[in-house]
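Dropping target-v2.cif in here (mmCIF, C-alpha atoms and all ligand atoms):
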```
data_coords
loop_
_atom_site.label_atom_id
_atom_site.label_comp_id
_atom_site.auth_asym_id
_atom_site.auth_seq_id
_atom_site.Cartn_x
_atom_site.Cartn_y
_atom_site.Cartn_z
CA MET A 75 -27.07 73.54 0.31
CA PRO A 76 -26.32 71.95 -3.07
CA ARG A 77 -28.20 73.16 -6.11
CA VAL A 78 -30.90 70.81 -7.44
CA GLU A 79 -29.09 70.68 -10.81
CA ASP A 80 -25.91 69.66 -9.03
CA MET A 81 -27.71 66.78 -7.35
CA ALA A 82 -28.91 65.56 -10.75
CA LEU A 83 -25.38 65.79 -12.12
CA ARG A 84 -24.03 63.95 -9.09
CA GLU A 85 -26.46 61.14 -9.85
CA GLU A 86 -25.46 61.16 -13.51
CA LEU A 87 -21.79 60.80 -12.54
CA GLN A 88 -22.55 57.94 -10.18
CA ARG A 89 -24.70 56.16 -12.77
CA ALA A 90 -21.75 56.39 -15.18
CA GLY A 91 -19.58 54.71 -12.54
CA LEU A 92 -17.59 57.80 -11.58
CA PRO A 93 -16.98 59.24 -8.15
CA ALA A 94 -18.80 62.54 -7.68
CA PRO A 95 -16.64 64.90 -5.65
CA ARG A 96 -17.90 68.48 -5.54
CA ALA A 97 -15.22 69.79 -7.92
CA LEU A 98 -16.16 67.28 -10.64
CA VAL A 99 -19.88 68.02 -10.23
CA ARG A 100 -19.17 71.75 -10.54
CA LEU A 101 -16.95 71.16 -13.59
CA LEU A 102 -19.65 69.12 -15.34
CA ALA A 103 -22.23 71.80 -14.46
CA LEU A 104 -19.98 74.49 -15.97
CA LEU A 105 -19.47 72.48 -19.15
CA ARG A 106 -23.18 71.80 -19.54
CA ASP A 107 -23.98 75.50 -19.00
CA SER A 108 -21.34 76.70 -21.43
CA PRO A 109 -22.88 78.37 -24.50
CA GLU A 110 -19.89 77.10 -26.50
CA THR A 111 -20.28 73.31 -26.86
CA HIS A 112 -16.83 72.49 -28.27
CA LEU A 113 -14.02 73.13 -25.85
CA ARG A 114 -10.28 72.58 -25.76
CA LEU A 115 -8.38 72.09 -22.51
CA ALA A 116 -7.32 75.75 -22.54
CA ASP A 117 -10.98 76.84 -22.82
CA VAL A 118 -11.94 74.64 -19.88
CA MET A 119 -9.01 76.01 -17.84
CA ARG A 120 -10.28 79.53 -18.50
CA LEU A 121 -13.85 78.53 -17.53
CA ALA A 122 -12.59 76.92 -14.34
CA ALA A 123 -10.56 79.99 -13.40
CA GLN A 124 -13.54 82.29 -13.96
CA ASN A 125 -15.62 80.11 -11.65
CA GLU A 126 -13.10 79.56 -8.91
CA LEU A 127 -12.61 75.87 -9.60
CA PRO A 128 -9.25 74.13 -9.38
CA THR A 129 -7.40 74.93 -12.61
CA GLY A 130 -4.48 72.50 -12.60
CA GLN A 131 -3.86 71.53 -16.22
CA LEU A 132 -3.11 67.89 -15.50
CA GLY A 133 -6.06 67.45 -13.15
CA LEU A 134 -8.49 69.10 -15.55
CA ALA A 135 -7.18 67.08 -18.50
CA ARG A 136 -7.66 63.90 -16.52
CA GLN A 137 -11.19 64.88 -15.49
CA LEU A 138 -12.15 65.71 -19.08
CA GLU A 139 -10.77 62.40 -20.39
CA SER A 140 -12.59 60.55 -17.65
CA LEU A 141 -15.91 62.31 -18.37
CA ALA A 142 -15.51 61.55 -22.08
CA ASP A 143 -14.51 57.91 -21.47
CA HIS A 144 -17.67 57.46 -19.41
CA GLY A 145 -19.94 59.01 -22.03
CA LEU A 146 -20.71 62.24 -20.17
CA LEU A 147 -18.84 64.34 -22.71
CA GLY A 148 -18.31 63.78 -26.41
CA ARG A 149 -15.15 64.21 -28.43
CA LEU A 150 -15.33 66.27 -31.59
CA PRO A 151 -14.20 64.06 -34.50
CA THR A 152 -11.09 65.91 -35.58
CA THR A 153 -7.77 65.14 -37.15
CA GLU A 154 -6.06 67.70 -34.92
CA ALA A 155 -3.63 66.45 -32.32
CA GLU A 156 -5.39 68.27 -29.50
CA ALA A 157 -8.65 66.82 -28.21
CA VAL A 158 -11.73 68.98 -28.55
CA PHE A 159 -14.43 67.99 -26.08
CA ASP A 160 -18.11 68.21 -26.90
CA THR A 161 -20.47 69.10 -24.07
CA VAL A 162 -23.20 67.24 -26.00
CA PRO A 163 -22.31 63.57 -25.43
CA GLU A 164 -24.78 62.08 -27.95
CA ALA A 165 -23.45 61.40 -31.48
CA HIS A 166 -24.26 64.25 -33.85
CA ALA A 167 -22.89 65.79 -37.03
CA HIS A 168 -20.80 68.93 -37.36
CA LEU A 169 -20.25 71.49 -40.07
CA ILE A 170 -16.86 73.17 -39.94
CA TYR A 171 -16.42 76.37 -41.90
CA GLU A 172 -12.83 76.51 -43.06
CA GLU A 173 -12.68 80.29 -43.28
CA ASP A 174 -13.05 81.00 -39.57
CA ALA A 175 -12.95 77.45 -38.12
CA GLN A 176 -16.51 77.90 -36.87
CA VAL A 177 -18.08 74.60 -35.80
CA VAL A 178 -21.85 74.19 -36.05
CA ASP A 179 -23.72 71.30 -34.42
CA LEU A 180 -26.20 69.44 -36.61
CA HIS A 181 -28.86 67.58 -34.67
CA VAL A 182 -30.82 66.37 -37.68
CA SER A 183 -32.32 63.18 -39.06
CA PRO A 184 -30.21 60.96 -41.34
CA GLU A 185 -32.36 62.13 -44.29
CA THR A 186 -31.70 65.79 -43.56
CA LEU A 187 -28.02 65.10 -43.02
CA LEU A 188 -27.77 63.40 -46.42
CA ALA A 189 -29.65 66.29 -48.03
CA ILE A 190 -27.21 68.78 -46.46
CA LEU A 191 -24.27 66.71 -47.69
CA ARG A 192 -25.71 66.46 -51.19
CA HIS A 193 -26.26 70.19 -51.25
CA ALA A 194 -22.73 70.95 -50.03
CA LEU A 195 -21.13 68.49 -52.49
CA ALA A 196 -23.08 70.09 -55.33
CA ALA A 197 -22.32 73.64 -54.23
CA TRP A 198 -18.56 73.12 -53.78
CA PRO A 199 -17.58 70.12 -55.92
CA GLY A 200 -14.21 68.70 -54.95
CA GLU A 201 -13.87 71.06 -51.99
CA VAL A 202 -15.93 69.43 -49.25
CA ALA A 203 -14.20 67.10 -46.79
CA VAL A 204 -16.38 64.63 -44.87
CA LEU A 205 -15.23 62.76 -41.77
CA ALA A 206 -17.42 60.02 -40.31
CA ARG A 207 -16.52 58.46 -36.99
CA LEU A 208 -17.67 54.86 -36.70
CA PRO A 209 -18.24 53.00 -33.44
CA ALA A 210 -15.37 50.85 -32.18
CA ARG A 211 -17.16 47.62 -33.13
CA ALA A 212 -17.10 48.67 -36.81
CA ALA A 213 -13.31 48.59 -36.87
CA GLY A 214 -12.62 45.09 -35.58
CA SER A 215 -9.42 43.69 -37.03
CA ASP A 216 -10.61 40.10 -37.24
CA ALA A 217 -11.21 39.76 -40.98
CA SER A 218 -12.74 36.32 -40.55
CA VAL A 219 -15.73 37.79 -38.75
CA ASP A 220 -18.63 38.19 -41.12
CA ARG A 221 -20.11 41.57 -40.33
CA THR A 222 -22.52 41.72 -43.24
CA ALA A 223 -25.52 40.70 -41.18
CA ALA A 224 -24.75 42.93 -38.23
CA ASP A 225 -24.07 46.15 -40.06
CA GLY A 226 -26.12 46.03 -43.21
CA GLY A 227 -23.25 45.05 -45.47
CA PHE A 228 -20.81 47.76 -44.56
CA HIS A 229 -17.20 46.73 -45.05
CA ARG A 230 -14.28 48.60 -43.67
CA PRO A 231 -12.45 49.83 -46.76
CA SER A 232 -8.99 48.67 -45.75
CA GLY A 233 -8.69 45.58 -47.92
CA GLN A 234 -6.15 45.02 -50.62
CA GLY A 235 -6.70 47.01 -53.75
CA PHE A 236 -8.77 49.69 -52.09
CA PRO A 237 -7.46 53.11 -53.07
CA ARG A 238 -6.12 54.91 -50.01
ZN ZN B 301 -20.93 69.06 -31.28
#
```
What is this file in structure tokens?
Ligand SMILES: [Zn+2]
Amino acid sequence: MPRVEDMALREELQRAGLPAPRALVRLLALLRDSPETHLRLADVMRLAAQNELPTGQLGLARQLESLADHGLLGRLPTTEAEAVFDTVPEAHAHLIYEEDAQVVDLHVSPETLLAILRHALAAWPGEVAVLARLPARAAGSDASVDRTAADGGFHRPSGQGFPR
């Protein structure tokens, strides 16, 4: 008898256009139940082993990529080579404390986010690094497309003369 939650997850997978074999449903359930929301492949392998799910590295990596590609998992914006998956698929901000690499989710309004940023920039001038991930459509390479109307005047700062 499948759990009610599993049936909901099965539906979610199918709505996203993915097949919903039992192992994938159980994996998604594990990820959603995990108290830690930011997970590397090794963390997921450990979770799978503890819960008697298939633990093959390649298979799990493929499943995670597939879940992320279909919007059921997020990817932590990071400059590290290794992907860090986010069990919260909706876009949100993160604070990363350099000292212990602790990552804190910020589910706040744009106003609060800007206030937090202002506070951090004032508290540690010259020491705060900010990374913003823009949607794919913001990075179109066709320079002839006028994006001013669509995105409120934002221009990708890659033009000549822009300090990089
Ligand atoms: Zn997050």
Practice prompt. Step by step, measure atom-to-atom distances between ligand ZN 301 (chain B) and each residue using all atoms listed in the file, keep those at most 12 Å, then write them as a PyMOL selection string.
Written response: chain A and resi 109-113+147-152+158-170+176-181
Residues of the last selection are to be written out with C-alpha atoms, as a PDB file, keeping the file's coordinate frame.
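Wrote again-v6.pdb, looks like this:
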```
ATOM      1  CA  PRO A 109     -22.880  78.370 -24.500  1.00  0.00           C
ATOM      2  CA  GLU A 110     -19.890  77.100 -26.500  1.00  0.00           C
ATOM      3  CA  THR A 111     -20.280  73.310 -26.860  1.00  0.00           C
ATOM      4  CA  HIS A 112     -16.830  72.490 -28.270  1.00  0.00           C
ATOM      5  CA  LEU A 113     -14.020  73.130 -25.850  1.00  0.00           C
ATOM      6  CA  LEU A 147     -18.840  64.340 -22.710  1.00  0.00           C
ATOM      7  CA  GLY A 148     -18.310  63.780 -26.410  1.00  0.00           C
ATOM      8  CA  ARG A 149     -15.150  64.210 -28.430  1.00  0.00           C
ATOM      9  CA  LEU A 150     -15.330  66.270 -31.590  1.00  0.00           C
ATOM     10  CA  PRO A 151     -14.200  64.060 -34.500  1.00  0.00           C
ATOM     11  CA  THR A 152     -11.090  65.910 -35.580  1.00  0.00           C
ATOM     12  CA  VAL A 158     -11.730  68.980 -28.550  1.00  0.00           C
ATOM     13  CA  PHE A 159     -14.430  67.990 -26.080  1.00  0.00           C
ATOM     14  CA  ASP A 160     -18.110  68.210 -26.900  1.00  0.00           C
ATOM     15  CA  THR A 161     -20.470  69.100 -24.070  1.00  0.00           C
ATOM     16  CA  VAL A 162     -23.200  67.240 -26.000  1.00  0.00           C
ATOM     17  CA  PRO A 163     -22.310  63.570 -25.430  1.00  0.00           C
ATOM     18  CA  GLU A 164     -24.780  62.080 -27.950  1.00  0.00           C
ATOM     19  CA  ALA A 165     -23.450  61.400 -31.480  1.00  0.00           C
ATOM     20  CA  HIS A 166     -24.260  64.250 -33.850  1.00  0.00           C
ATOM     21  CA  ALA A 167     -22.890  65.790 -37.030  1.00  0.00           C
ATOM     22  CA  HIS A 168     -20.800  68.930 -37.360  1.00  0.00           C
ATOM     23  CA  LEU A 169     -20.250  71.490 -40.070  1.00  0.00           C
ATOM     24  CA  ILE A 170     -16.860  73.170 -39.940  1.00  0.00           C
ATOM     25  CA  GLN A 176     -16.510  77.900 -36.870  1.00  0.00           C
ATOM     26  CA  VAL A 177     -18.080  74.600 -35.800  1.00  0.00           C
ATOM     27  CA  VAL A 178     -21.850  74.190 -36.050  1.00  0.00           C
ATOM     28  CA  ASP A 179     -23.720  71.300 -34.420  1.00  0.00           C
ATOM     29  CA  LEU A 180     -26.200  69.440 -36.610  1.00  0.00           C
ATOM     30  CA  HIS A 181     -28.860  67.580 -34.670  1.00  0.00           C
TER      31      HIS A 181
END
```
Worksheet item: Which one of A:Ala203, A:Leu98, A:Leu191, A:Ala123 sits closest to Arg136 of chain A if you count only C-alpha atoms?
Response: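 Closest to Arg136 of chain A of all the choices is A:Leu98.
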Worksheet entry | atom CA of Ala155 of chain A to atom CA of Leu104 of chain A, distance in Å rounded to a single decimal |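 If I compute the distance from atom CA of Ala155 of chain A to atom CA of Leu104 of chain A, I get 24.5 Å.
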Worksheet entry | d(atom CA of Leu132 of chain A, atom CA of Glu79 of chain A) in Å | 26.5 Å
Worksheet item: Suppose you want the space between atom CA of Arg89 of chain A and atom CA of Asp143 of chain A; what is it in Å?
Response: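 About the pair atom CA of Arg89 of chain A and atom CA of Asp143 of chain A: they are 13.5 Å apart.
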Practice prompt. Go through A:Thr186, A:Thr153, A:Ser140, A:Gln124 one by one, measure the shortest atom-to-atom distance of each to Ala90 of chain A using all atoms listed in the file, and give the residue with the smallest value.
Written response: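 That would be A:Ser140, the residue with the smallest distance to Ala90 of chain A.
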Worksheet entry | A:Leu187, A:Leu102, A:Leu141, A:Ala97 ranked by distance to Thr129 of chain A, top pick (using only C-alpha atoms) |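 Distance minimum relative to Thr129 of chain A lands on A:Ala97.
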